[in-house]
>>> print(open('target-v9.pdb').read())   # PDB, C-alpha atoms and all ligand atoms
ATOM      1  CA  MET A  15       8.919  18.151   1.567  1.00  0.00           C
ATOM      2  CA  PRO A  16       9.698  17.085   5.127  1.00  0.00           C
ATOM      3  CA  VAL A  17       7.437  14.384   6.496  1.00  0.00           C
ATOM      4  CA  SER A  18       6.773  12.674   9.781  1.00  0.00           C
ATOM      5  CA  SER A  19       5.210   9.245  10.082  1.00  0.00           C
ATOM      6  CA  GLY A  20       3.597   6.735  12.383  1.00  0.00           C
ATOM      7  CA  SER A  21       2.646   3.093  11.997  1.00  0.00           C
ATOM      8  CA  ALA A  22       0.944   0.158  13.681  1.00  0.00           C
ATOM      9  CA  THR A  23       0.094  -3.425  12.787  1.00  0.00           C
ATOM     10  CA  ASP A  24      -1.984  -6.125  14.409  1.00  0.00           C
ATOM     11  CA  LYS A  25      -2.495  -9.842  13.909  1.00  0.00           C
ATOM     12  CA  GLY A  26      -6.277  -9.635  14.044  1.00  0.00           C
ATOM     13  CA  LEU A  27      -8.434 -11.441  16.534  1.00  0.00           C
ATOM     14  CA  ARG A  28      -8.779 -14.833  14.891  1.00  0.00           C
ATOM     15  CA  ARG A  29      -5.397 -15.222  13.224  1.00  0.00           C
ATOM     16  CA  SER A  30      -2.143 -16.551  14.532  1.00  0.00           C
ATOM     17  CA  ALA A  31      -0.042 -15.465  11.549  1.00  0.00           C
ATOM     18  CA  ASN A  32       0.474 -11.918  10.365  1.00  0.00           C
ATOM     19  CA  GLU A  33       0.445 -11.808   6.587  1.00  0.00           C
ATOM     20  CA  ASP A  34       0.799  -8.004   6.566  1.00  0.00           C
ATOM     21  CA  ASN A  35       4.154  -6.271   6.461  1.00  0.00           C
ATOM     22  CA  LEU A  36       5.188  -2.649   6.494  1.00  0.00           C
ATOM     23  CA  LEU A  37       8.303  -0.614   5.870  1.00  0.00           C
ATOM     24  CA  VAL A  38       8.891   2.910   7.192  1.00  0.00           C
ATOM     25  CA  ARG A  39      12.083   4.592   5.969  1.00  0.00           C
ATOM     26  CA  ASP A  40      11.844   8.267   6.879  1.00  0.00           C
ATOM     27  CA  ASP A  41      15.471   8.658   5.745  1.00  0.00           C
ATOM     28  CA  LEU A  42      14.557   7.576   2.200  1.00  0.00           C
ATOM     29  CA  GLY A  43      11.077   9.135   2.227  1.00  0.00           C
ATOM     30  CA  LEU A  44       9.745   5.619   1.565  1.00  0.00           C
ATOM     31  CA  PHE A  45       6.652   4.037   3.088  1.00  0.00           C
ATOM     32  CA  VAL A  46       5.277   0.600   2.123  1.00  0.00           C
ATOM     33  CA  VAL A  47       2.396  -1.627   3.225  1.00  0.00           C
ATOM     34  CA  ALA A  48       1.880  -5.150   1.859  1.00  0.00           C
ATOM     35  CA  ASP A  49      -0.691  -7.890   2.474  1.00  0.00           C
ATOM     36  CA  GLY A  50       0.381 -11.436   1.639  1.00  0.00           C
ATOM     37  CA  MET A  51      -1.700 -14.321   0.370  1.00  0.00           C
ATOM     38  CA  GLY A  52      -1.130 -17.986  -0.245  1.00  0.00           C
ATOM     39  CA  GLY A  53      -1.954 -19.501   3.093  1.00  0.00           C
ATOM     40  CA  HIS A  54       0.046 -20.189   6.233  1.00  0.00           C
ATOM     41  CA  ALA A  55       3.690 -19.131   6.096  1.00  0.00           C
ATOM     42  CA  ALA A  56       3.616 -18.287   2.389  1.00  0.00           C
ATOM     43  CA  GLY A  57       1.580 -15.091   2.772  1.00  0.00           C
ATOM     44  CA  GLU A  58       3.951 -13.809   5.438  1.00  0.00           C
ATOM     45  CA  VAL A  59       6.951 -14.576   3.254  1.00  0.00           C
ATOM     46  CA  ALA A  60       5.412 -12.901   0.206  1.00  0.00           C
ATOM     47  CA  SER A  61       4.693  -9.578   1.921  1.00  0.00           C
ATOM     48  CA  GLN A  62       8.082  -9.650   3.670  1.00  0.00           C
ATOM     49  CA  VAL A  63       9.970 -10.304   0.432  1.00  0.00           C
ATOM     50  CA  ALA A  64       8.010  -7.510  -1.251  1.00  0.00           C
ATOM     51  CA  VAL A  65       8.664  -4.785   1.347  1.00  0.00           C
ATOM     52  CA  GLU A  66      12.324  -5.754   1.647  1.00  0.00           C
ATOM     53  CA  GLY A  67      12.760  -5.880  -2.112  1.00  0.00           C
ATOM     54  CA  ILE A  68      11.113  -2.501  -2.637  1.00  0.00           C
ATOM     55  CA  GLY A  69      13.159  -0.973   0.179  1.00  0.00           C
ATOM     56  CA  ALA A  70      16.443  -2.419  -1.097  1.00  0.00           C
ATOM     57  CA  PHE A  71      15.884  -1.119  -4.623  1.00  0.00           C
ATOM     58  CA  VAL A  72      14.911   2.387  -3.494  1.00  0.00           C
ATOM     59  CA  GLU A  73      17.902   2.524  -1.148  1.00  0.00           C
ATOM     60  CA  ALA A  74      20.287   1.400  -3.899  1.00  0.00           C
ATOM     61  CA  THR A  75      19.013   3.997  -6.408  1.00  0.00           C
ATOM     62  CA  VAL A  76      19.111   7.262  -4.454  1.00  0.00           C
ATOM     63  CA  THR A  77      21.362   8.791  -7.130  1.00  0.00           C
ATOM     64  CA  MET A  78      19.870   6.917 -10.099  1.00  0.00           C
ATOM     65  CA  SER A  79      19.364   9.050 -13.217  1.00  0.00           C
ATOM     66  CA  PRO A  80      17.314   8.391 -16.365  1.00  0.00           C
ATOM     67  CA  ASP A  81      20.381   7.718 -18.541  1.00  0.00           C
ATOM     68  CA  GLN A  82      21.513   4.786 -16.412  1.00  0.00           C
ATOM     69  CA  THR A  83      20.490   1.176 -17.038  1.00  0.00           C
ATOM     70  CA  TRP A  84      17.114   0.489 -15.431  1.00  0.00           C
ATOM     71  CA  PRO A  85      15.684  -2.979 -14.741  1.00  0.00           C
ATOM     72  CA  VAL A  86      12.493  -1.918 -16.549  1.00  0.00           C
ATOM     73  CA  PRO A  87      12.326   0.683 -19.348  1.00  0.00           C
ATOM     74  CA  PHE A  88      12.437   4.274 -18.032  1.00  0.00           C
ATOM     75  CA  ASP A  89       9.167   6.113 -18.748  1.00  0.00           C
ATOM     76  CA  ILE A  90      10.063   9.726 -19.585  1.00  0.00           C
ATOM     77  CA  ARG A  91       6.485  10.915 -18.947  1.00  0.00           C
ATOM     78  CA  GLU A  92       6.993  10.152 -15.260  1.00  0.00           C
ATOM     79  CA  SER A  93       9.338  11.450 -12.556  1.00  0.00           C
ATOM     80  CA  VAL A  94      12.512   9.636 -11.586  1.00  0.00           C
ATOM     81  CA  ASN A  95      10.885   8.624  -8.296  1.00  0.00           C
ATOM     82  CA  ALA A  96       7.828   7.210 -10.051  1.00  0.00           C
ATOM     83  CA  ASN A  97      10.168   5.169 -12.226  1.00  0.00           C
ATOM     84  CA  ARG A  98      12.117   4.064  -9.156  1.00  0.00           C
ATOM     85  CA  LEU A  99       8.924   2.833  -7.516  1.00  0.00           C
ATOM     86  CA  ARG A 100       7.826   0.894 -10.589  1.00  0.00           C
ATOM     87  CA  ALA A 101      11.271  -0.653 -10.940  1.00  0.00           C
ATOM     88  CA  ALA A 102      11.301  -1.417  -7.198  1.00  0.00           C
ATOM     89  CA  PHE A 103       7.992  -3.299  -7.487  1.00  0.00           C
ATOM     90  CA  CYS A 104       9.278  -5.240 -10.508  1.00  0.00           C
ATOM     91  CA  THR A 105      12.540  -6.083  -8.739  1.00  0.00           C
ATOM     92  CA  ALA A 106      10.643  -7.269  -5.663  1.00  0.00           C
ATOM     93  CA  ASN A 107       8.419  -9.303  -7.969  1.00  0.00           C
ATOM     94  CA  GLY A 108      11.550 -10.947  -9.386  1.00  0.00           C
ATOM     95  CA  ARG A 109      12.650 -11.855  -5.854  1.00  0.00           C
ATOM     96  CA  LEU A 110       9.238 -13.464  -5.308  1.00  0.00           C
ATOM     97  CA  ALA A 111       9.669 -15.485  -8.503  1.00  0.00           C
ATOM     98  CA  ALA A 112      13.025 -16.773  -7.268  1.00  0.00           C
ATOM     99  CA  GLN A 113      11.531 -17.781  -3.901  1.00  0.00           C
ATOM    100  CA  VAL A 114       8.565 -19.516  -5.506  1.00  0.00           C
ATOM    101  CA  ALA A 115      10.924 -21.447  -7.791  1.00  0.00           C
ATOM    102  CA  SER A 116      13.068 -22.537  -4.842  1.00  0.00           C
ATOM    103  CA  SER A 117      10.382 -23.871  -2.513  1.00  0.00           C
ATOM    104  CA  ARG A 118       7.370 -26.106  -2.954  1.00  0.00           C
ATOM    105  CA  GLU A 119       5.622 -24.639   0.122  1.00  0.00           C
ATOM    106  CA  LEU A 120       5.773 -21.136  -1.328  1.00  0.00           C
ATOM    107  CA  ARG A 121       4.113 -22.004  -4.612  1.00  0.00           C
ATOM    108  CA  GLY A 122       1.053 -19.811  -5.148  1.00  0.00           C
ATOM    109  CA  MET A 123       2.143 -17.080  -2.754  1.00  0.00           C
ATOM    110  CA  ALA A 124       1.451 -13.485  -3.692  1.00  0.00           C
ATOM    111  CA  THR A 125       1.085 -10.080  -2.100  1.00  0.00           C
ATOM    112  CA  THR A 126      -0.480  -6.688  -2.563  1.00  0.00           C
ATOM    113  CA  ALA A 127       1.659  -3.598  -2.079  1.00  0.00           C
ATOM    114  CA  VAL A 128       1.097   0.139  -1.799  1.00  0.00           C
ATOM    115  CA  ALA A 129       4.092   2.464  -1.534  1.00  0.00           C
ATOM    116  CA  MET A 130       4.779   6.189  -1.365  1.00  0.00           C
ATOM    117  CA  LEU A 131       8.131   7.803  -2.147  1.00  0.00           C
ATOM    118  CA  VAL A 132       8.497  11.448  -1.123  1.00  0.00           C
ATOM    119  CA  ASP A 133      10.987  14.037  -2.350  1.00  0.00           C
ATOM    120  CA  GLU A 134      11.300  17.799  -1.965  1.00  0.00           C
ATOM    121  CA  ASP A 135       8.076  18.901  -3.615  1.00  0.00           C
ATOM    122  CA  ALA A 136       6.300  15.778  -4.829  1.00  0.00           C
ATOM    123  CA  ALA A 137       5.291  12.296  -3.778  1.00  0.00           C
ATOM    124  CA  SER A 138       4.971   9.246  -6.007  1.00  0.00           C
ATOM    125  CA  LEU A 139       2.478   6.523  -5.234  1.00  0.00           C
ATOM    126  CA  ALA A 140       2.468   2.960  -6.546  1.00  0.00           C
ATOM    127  CA  HIS A 141       0.060   0.141  -5.890  1.00  0.00           C
ATOM    128  CA  VAL A 142      -0.853  -3.379  -6.903  1.00  0.00           C
ATOM    129  CA  GLY A 143      -3.872  -5.171  -5.425  1.00  0.00           C
ATOM    130  CA  ASP A 144      -6.279  -3.955  -2.763  1.00  0.00           C
ATOM    131  CA  SER A 145      -4.096  -2.226  -0.195  1.00  0.00           C
ATOM    132  CA  ARG A 146      -5.046   1.443  -0.233  1.00  0.00           C
ATOM    133  CA  ALA A 147      -3.807   5.007   0.056  1.00  0.00           C
ATOM    134  CA  TYR A 148      -6.081   7.742   1.419  1.00  0.00           C
ATOM    135  CA  LEU A 149      -5.437  11.489   1.566  1.00  0.00           C
ATOM    136  CA  LEU A 150      -6.816  13.757   4.273  1.00  0.00           C
ATOM    137  CA  ARG A 151      -6.568  17.389   3.100  1.00  0.00           C
ATOM    138  CA  ARG A 152      -8.217  20.219   5.053  1.00  0.00           C
ATOM    139  CA  GLY A 153     -10.531  17.748   6.786  1.00  0.00           C
ATOM    140  CA  GLN A 154     -11.686  16.012   3.590  1.00  0.00           C
ATOM    141  CA  LEU A 155     -10.838  12.359   2.990  1.00  0.00           C
ATOM    142  CA  ALA A 156     -10.164  11.139  -0.557  1.00  0.00           C
ATOM    143  CA  ARG A 157      -9.286   7.641  -1.686  1.00  0.00           C
ATOM    144  CA  LEU A 158      -6.168   7.856  -3.851  1.00  0.00           C
ATOM    145  CA  THR A 159      -6.061   4.273  -5.101  1.00  0.00           C
ATOM    146  CA  ARG A 160      -8.599   2.133  -6.889  1.00  0.00           C
ATOM    147  CA  ASP A 161      -8.466  -1.476  -5.680  1.00  0.00           C
ATOM    148  CA  HIS A 162      -7.389  -4.112  -8.158  1.00  0.00           C
ATOM    149  CA  SER A 163     -10.085  -6.469  -6.908  1.00  0.00           C
ATOM    150  CA  TRP A 164     -13.112  -8.346  -8.123  1.00  0.00           C
ATOM    151  CA  VAL A 165     -15.534  -6.414  -5.895  1.00  0.00           C
ATOM    152  CA  GLU A 166     -14.104  -3.057  -7.040  1.00  0.00           C
ATOM    153  CA  GLU A 167     -14.733  -4.063 -10.667  1.00  0.00           C
ATOM    154  CA  GLN A 168     -18.322  -4.921  -9.726  1.00  0.00           C
ATOM    155  CA  ILE A 169     -18.738  -1.557  -7.961  1.00  0.00           C
ATOM    156  CA  GLN A 170     -17.393   0.266 -11.039  1.00  0.00           C
ATOM    157  CA  ALA A 171     -19.825  -1.678 -13.223  1.00  0.00           C
ATOM    158  CA  GLY A 172     -22.683  -0.633 -10.943  1.00  0.00           C
ATOM    159  CA  ALA A 173     -23.394  -4.241  -9.972  1.00  0.00           C
ATOM    160  CA  LEU A 174     -22.445  -3.954  -6.293  1.00  0.00           C
ATOM    161  CA  SER A 175     -22.666  -1.293  -3.573  1.00  0.00           C
ATOM    162  CA  GLU A 176     -19.742  -0.414  -1.269  1.00  0.00           C
ATOM    163  CA  ALA A 177     -21.644  -1.872   1.675  1.00  0.00           C
ATOM    164  CA  ALA A 178     -22.443  -5.108  -0.158  1.00  0.00           C
ATOM    165  CA  ALA A 179     -18.822  -5.381  -1.323  1.00  0.00           C
ATOM    166  CA  ARG A 180     -17.689  -5.288   2.292  1.00  0.00           C
ATOM    167  CA  ARG A 181     -19.726  -8.445   3.032  1.00  0.00           C
ATOM    168  CA  HIS A 182     -19.315 -10.245  -0.298  1.00  0.00           C
ATOM    169  CA  PRO A 183     -17.778 -13.753  -0.086  1.00  0.00           C
ATOM    170  CA  TRP A 184     -15.372 -12.808  -2.914  1.00  0.00           C
ATOM    171  CA  ARG A 185     -14.259  -9.562  -1.246  1.00  0.00           C
ATOM    172  CA  ASN A 186     -10.689 -10.888  -0.878  1.00  0.00           C
ATOM    173  CA  VAL A 187     -10.241 -11.763  -4.550  1.00  0.00           C
ATOM    174  CA  VAL A 188      -7.615  -9.463  -6.045  1.00  0.00           C
ATOM    175  CA  THR A 189      -7.187  -9.053  -9.787  1.00  0.00           C
ATOM    176  CA  ARG A 190      -3.537  -7.989  -9.555  1.00  0.00           C
ATOM    177  CA  ALA A 191      -0.768  -8.976  -7.166  1.00  0.00           C
ATOM    178  CA  LEU A 192       2.972  -9.407  -6.916  1.00  0.00           C
ATOM    179  CA  SER A 193       3.238 -13.156  -7.483  1.00  0.00           C
ATOM    180  CA  GLY A 194       6.492 -13.513  -9.383  1.00  0.00           C
ATOM    181  CA  ALA A 195       4.634 -13.632 -12.693  1.00  0.00           C
ATOM    182  CA  ALA A 196       6.370 -11.706 -15.474  1.00  0.00           C
ATOM    183  CA  ASP A 197       3.387  -9.596 -16.544  1.00  0.00           C
ATOM    184  CA  LEU A 198       3.251  -7.368 -13.429  1.00  0.00           C
ATOM    185  CA  GLU A 199       1.390  -4.123 -14.012  1.00  0.00           C
ATOM    186  CA  VAL A 200       2.075  -1.402 -11.430  1.00  0.00           C
ATOM    187  CA  GLU A 201      -0.302   1.549 -11.128  1.00  0.00           C
ATOM    188  CA  ILE A 202       1.580   4.822 -10.543  1.00  0.00           C
ATOM    189  CA  GLN A 203       0.469   8.350  -9.720  1.00  0.00           C
ATOM    190  CA  GLU A 204       2.158  11.577  -8.699  1.00  0.00           C
ATOM    191  CA  LEU A 205       0.939  13.818  -5.870  1.00  0.00           C
ATOM    192  CA  ARG A 206       1.568  17.473  -5.074  1.00  0.00           C
ATOM    193  CA  PRO A 207       1.363  17.410  -1.290  1.00  0.00           C
ATOM    194  CA  GLU A 208       0.409  20.466   0.732  1.00  0.00           C
ATOM    195  CA  PRO A 209       1.609  21.180   4.273  1.00  0.00           C
ATOM    196  CA  GLY A 210      -0.762  19.546   6.734  1.00  0.00           C
ATOM    197  CA  ASP A 211      -1.783  16.739   4.353  1.00  0.00           C
ATOM    198  CA  ARG A 212      -1.985  13.298   5.906  1.00  0.00           C
ATOM    199  CA  VAL A 213      -1.689  10.143   3.804  1.00  0.00           C
ATOM    200  CA  LEU A 214      -2.780   6.749   5.128  1.00  0.00           C
ATOM    201  CA  LEU A 215      -1.448   3.516   3.636  1.00  0.00           C
ATOM    202  CA  CYS A 216      -3.416   0.505   4.876  1.00  0.00           C
ATOM    203  CA  THR A 217      -4.404  -3.083   4.221  1.00  0.00           C
ATOM    204  CA  ASP A 218      -7.959  -4.280   3.623  1.00  0.00           C
ATOM    205  CA  GLY A 219      -8.138  -5.492   7.222  1.00  0.00           C
ATOM    206  CA  ILE A 220      -8.928  -1.868   8.122  1.00  0.00           C
ATOM    207  CA  PHE A 221     -11.306  -0.709   5.403  1.00  0.00           C
ATOM    208  CA  SER A 222     -13.221  -3.995   5.289  1.00  0.00           C
ATOM    209  CA  VAL A 223     -14.439  -2.999   8.775  1.00  0.00           C
ATOM    210  CA  LEU A 224     -14.228   0.815   8.903  1.00  0.00           C
ATOM    211  CA  THR A 225     -16.094   3.025   6.436  1.00  0.00           C
ATOM    212  CA  ASP A 226     -14.253   5.898   4.748  1.00  0.00           C
ATOM    213  CA  ASP A 227     -16.142   8.293   7.064  1.00  0.00           C
ATOM    214  CA  ARG A 228     -14.799   6.519  10.136  1.00  0.00           C
ATOM    215  CA  ILE A 229     -11.276   6.455   8.697  1.00  0.00           C
ATOM    216  CA  GLY A 230     -11.468  10.178   7.896  1.00  0.00           C
ATOM    217  CA  GLY A 231     -12.750  10.904  11.404  1.00  0.00           C
ATOM    218  CA  VAL A 232      -9.756   9.180  12.984  1.00  0.00           C
ATOM    219  CA  LEU A 233      -7.197  10.681  10.579  1.00  0.00           C
ATOM    220  CA  GLY A 234      -8.440  14.190  11.372  1.00  0.00           C
ATOM    221  CA  ARG A 235      -7.891  13.864  15.103  1.00  0.00           C
ATOM    222  CA  ASP A 236      -5.352  15.958  16.936  1.00  0.00           C
ATOM    223  CA  ALA A 237      -3.063  13.127  18.043  1.00  0.00           C
ATOM    224  CA  GLY A 238       0.378  11.683  17.370  1.00  0.00           C
ATOM    225  CA  LEU A 239       0.710   9.729  14.133  1.00  0.00           C
ATOM    226  CA  ASP A 240       1.549   6.449  15.882  1.00  0.00           C
ATOM    227  CA  ASP A 241      -1.546   6.975  18.035  1.00  0.00           C
ATOM    228  CA  LEU A 242      -3.737   7.533  14.972  1.00  0.00           C
ATOM    229  CA  CYS A 243      -2.563   4.193  13.555  1.00  0.00           C
ATOM    230  CA  SER A 244      -3.202   2.425  16.862  1.00  0.00           C
ATOM    231  CA  ILE A 245      -6.690   3.959  17.086  1.00  0.00           C
ATOM    232  CA  LEU A 246      -7.503   2.729  13.548  1.00  0.00           C
ATOM    233  CA  ILE A 247      -6.479  -0.795  14.532  1.00  0.00           C
ATOM    234  CA  GLU A 248      -8.317  -0.653  17.856  1.00  0.00           C
ATOM    235  CA  GLU A 249     -11.513   0.471  16.131  1.00  0.00           C
ATOM    236  CA  THR A 250     -11.055  -2.266  13.506  1.00  0.00           C
ATOM    237  CA  ASN A 251     -10.745  -4.899  16.214  1.00  0.00           C
ATOM    238  CA  ASP A 252     -13.688  -3.419  18.147  1.00  0.00           C
ATOM    239  CA  GLY A 253     -15.667  -3.795  14.920  1.00  0.00           C
ATOM    240  CA  GLY A 254     -14.888  -7.516  14.896  1.00  0.00           C
ATOM    241  CA  GLY A 255     -12.093  -7.358  12.329  1.00  0.00           C
ATOM    242  CA  PRO A 256     -10.955 -10.941  11.761  1.00  0.00           C
ATOM    243  CA  ASP A 257      -8.080 -10.041   9.419  1.00  0.00           C
ATOM    244  CA  ASN A 258      -4.619  -8.583   9.906  1.00  0.00           C
ATOM    245  CA  ALA A 259      -4.720  -4.791  10.009  1.00  0.00           C
ATOM    246  CA  THR A 260      -1.829  -2.474   9.186  1.00  0.00           C
ATOM    247  CA  ALA A 261      -1.669   1.315   8.964  1.00  0.00           C
ATOM    248  CA  VAL A 262       1.063   3.828   8.133  1.00  0.00           C
ATOM    249  CA  VAL A 263       0.285   7.554   8.368  1.00  0.00           C
ATOM    250  CA  ILE A 264       2.537  10.162   6.760  1.00  0.00           C
ATOM    251  CA  GLU A 265       2.108  13.862   7.512  1.00  0.00           C
ATOM    252  CA  PHE A 266       3.560  16.567   5.276  1.00  0.00           C
ATOM    253  CA  ASP A 267       5.129  19.409   7.228  1.00  0.00           C
ATOM    254  CA  ALA A 268       5.730  22.998   6.217  1.00  0.00           C
ATOM    255  CA  ARG A 269       9.264  23.538   4.940  1.00  0.00           C
TER     256      ARG A 269
HETATM  257 CA    CA B 301      -5.829  -8.724   4.389  1.00  0.00          CA
END
>>> encode(input="target-v9.pdb", output="structure tokens")
Amino acid sequence: MPVSSGSATDKGLRRSANEDNLLVRDDLGLFVVADGMGGHAAGEVASQVAVEGIGAFVEATVTMSPDQTWPVPFDIRESVNANRLRAAFCTANGRLAAQVASSRELRGMATTAVAMLVDEDAASLAHVGDSRAYLLRRGQLARLTRDHSWVEEQIQAGALSEAAARRHPWRNVVTRALSGAADLEVEIQELRPEPGDRVLLCTDGIFSVLTDDRIGGVLGRDAGLDDLCSILIEETNDGGGPDNATAVVIEFDAR
């Protein structure tokens, strides 16, 4: 399905580094957002290595078929693109491992990632950590991803409200990340997009400040997709957002 996209990123008011990275490849139908951790330069390196690694794998496997040799076992219950995304995350994770092994300063670095890969009639979504995907369909916003984070586990257990999670001192603790560790678990889902759907990929810098209602309100506006991303970041900064904020919006067009 043809798509158009927009994106924007911002350092945040009280940060000199930008630990977020994004990749927009309309030609491949690939969109990625990543949020690095590990302090100072390491977080920036981690998210950069991840988006580049994911992009390189997807680009190199445009004609990949199930009977070829995959870097991770091919799961026949899932589409080729879903398998490509999982393998792309694992390959990027391997690149992170190599970087961590080569440099003392990069030890402990890690990154979240959320990625969407679009083909003619479907879209595959992969995520690790607490960067999110949202879907706006006919004016209704739905969260597509469940954060791999400590606060999300507490919300699921009924021990914490969404509002309290937003202020909790452990709100940045993720329970999964690309860190170079061998046991990476990538969460995958398949979407059946409809014309007019808008998907937002974003880092926690945005939703730690803006409620889902606010995000849905912006996504539903009649504006260019780059403008929607800029508005999300402006509103995040107006709300006192101290963190990096990154947004990619993809709109599905009629054939
Ligand atoms: Ca962040």
>>> residues_near_ligand(input="target-v9.pdb", ligand="ligand CA 301 (chain B)", cutoff="10 Å", atoms="only C-alpha atoms and all ligand atoms", output="PyMOL selection string")
chain A and resi 26+32-34+48-51+57+125-126+144-145+186+216-222+256-260
>>> resolve_selection(input="target-v9.pdb", expression="the PyMOL selection byres (((chain A and resi 234-244) around 12) and not hetatm)", output="PyMOL selection string")
chain A and resi 17-24+38+149-155+210-217+220+227-233+245-251+259-266
>>> residues_around(input="target-v9.pdb", residues="Ala112 in chain A", least_positions_apart="2", cutoff="12 Å", atoms="all atoms listed in the file", output="MDAnalysis selection string")
chainID A and resid 60 63 105:110 114:118 120:121 123 193:196
>>> axis_aligned_box(input="target-v9.pdb", around="range 80-91 of chain A", padding_each_side="3 Å", output="AutoDock Vina command-line options")
--center_x 14.0 --center_y 4.0 --center_z -17.2 --size_x 21.0 --size_y 19.9 --size_z 10.8
>>> closest_residue(input="target-v9.pdb", among="A:Glu208, A:Val223, A:Arg157, A:Gly143", to="Arg180 in chain A", atoms="only C-alpha atoms")
A:Val223
>>> closest_residue(input="target-v9.pdb", among="A:Ala177, A:Ala136, A:Leu99, A:Tyr148", to="Met15 in chain A", atoms="only C-alpha atoms")
A:Ala136
>>> atom_distance(input="target-v9.pdb", atom1="CA of Asn35 in chain A", atom2="CA of Gln62 in chain A")
5.9 Å
>>> closest_residue(input="target-v9.pdb", among="A:Val200, A:Leu224, A:Leu37, A:Ala191", to="Gly122 in chain A", atoms="all atoms listed in the file")
A:Ala191
>>> atom_distance(input="target-v9.pdb", atom1="CA of Glu66 in chain A", atom2="CA of Asp226 in chain A")
29.2 Å
>>> atom_distance(input="target-v9.pdb", atom1="CA of Pro80 in chain A", atom2="CA of Asp133 in chain A")
16.4 Å
>>> residues_near_point(input="target-v9.pdb", point="(1.2, 10.6, -9.6)", cutoff="8 Å", atoms="only C-alpha atoms", output="PDB file with C-alpha atoms, in the coordinates of the input")
ATOM      1  CA  ALA A  96       7.828   7.210 -10.051  1.00  0.00           C
ATOM      2  CA  ALA A 137       5.291  12.296  -3.778  1.00  0.00           C
ATOM      3  CA  SER A 138       4.971   9.246  -6.007  1.00  0.00           C
ATOM      4  CA  LEU A 139       2.478   6.523  -5.234  1.00  0.00           C
ATOM      5  CA  ILE A 202       1.580   4.822 -10.543  1.00  0.00           C
ATOM      6  CA  GLN A 203       0.469   8.350  -9.720  1.00  0.00           C
ATOM      7  CA  GLU A 204       2.158  11.577  -8.699  1.00  0.00           C
ATOM      8  CA  LEU A 205       0.939  13.818  -5.870  1.00  0.00           C
TER       9      LEU A 205
END
>>> residues_around(input="target-v9.pdb", residues="Val47 in chain A", least_positions_apart="5", cutoff="6 Å", atoms="all atoms listed in the file", output="list in words")
Asn35, Leu36, Ala127 and Val128 of chain A
>>> closest_residue(input="target-v9.pdb", among="A:Ala111, A:Val165, A:Trp84, A:Ser93", to="Phe71 in chain A", atoms="all atoms listed in the file")
A:Trp84
>>> closest_residue(input="target-v9.pdb", among="A:His141, A:Leu158, A:Ala173, A:Ala147", to="Arg190 in chain A", atoms="all atoms listed in the file")
A:His141
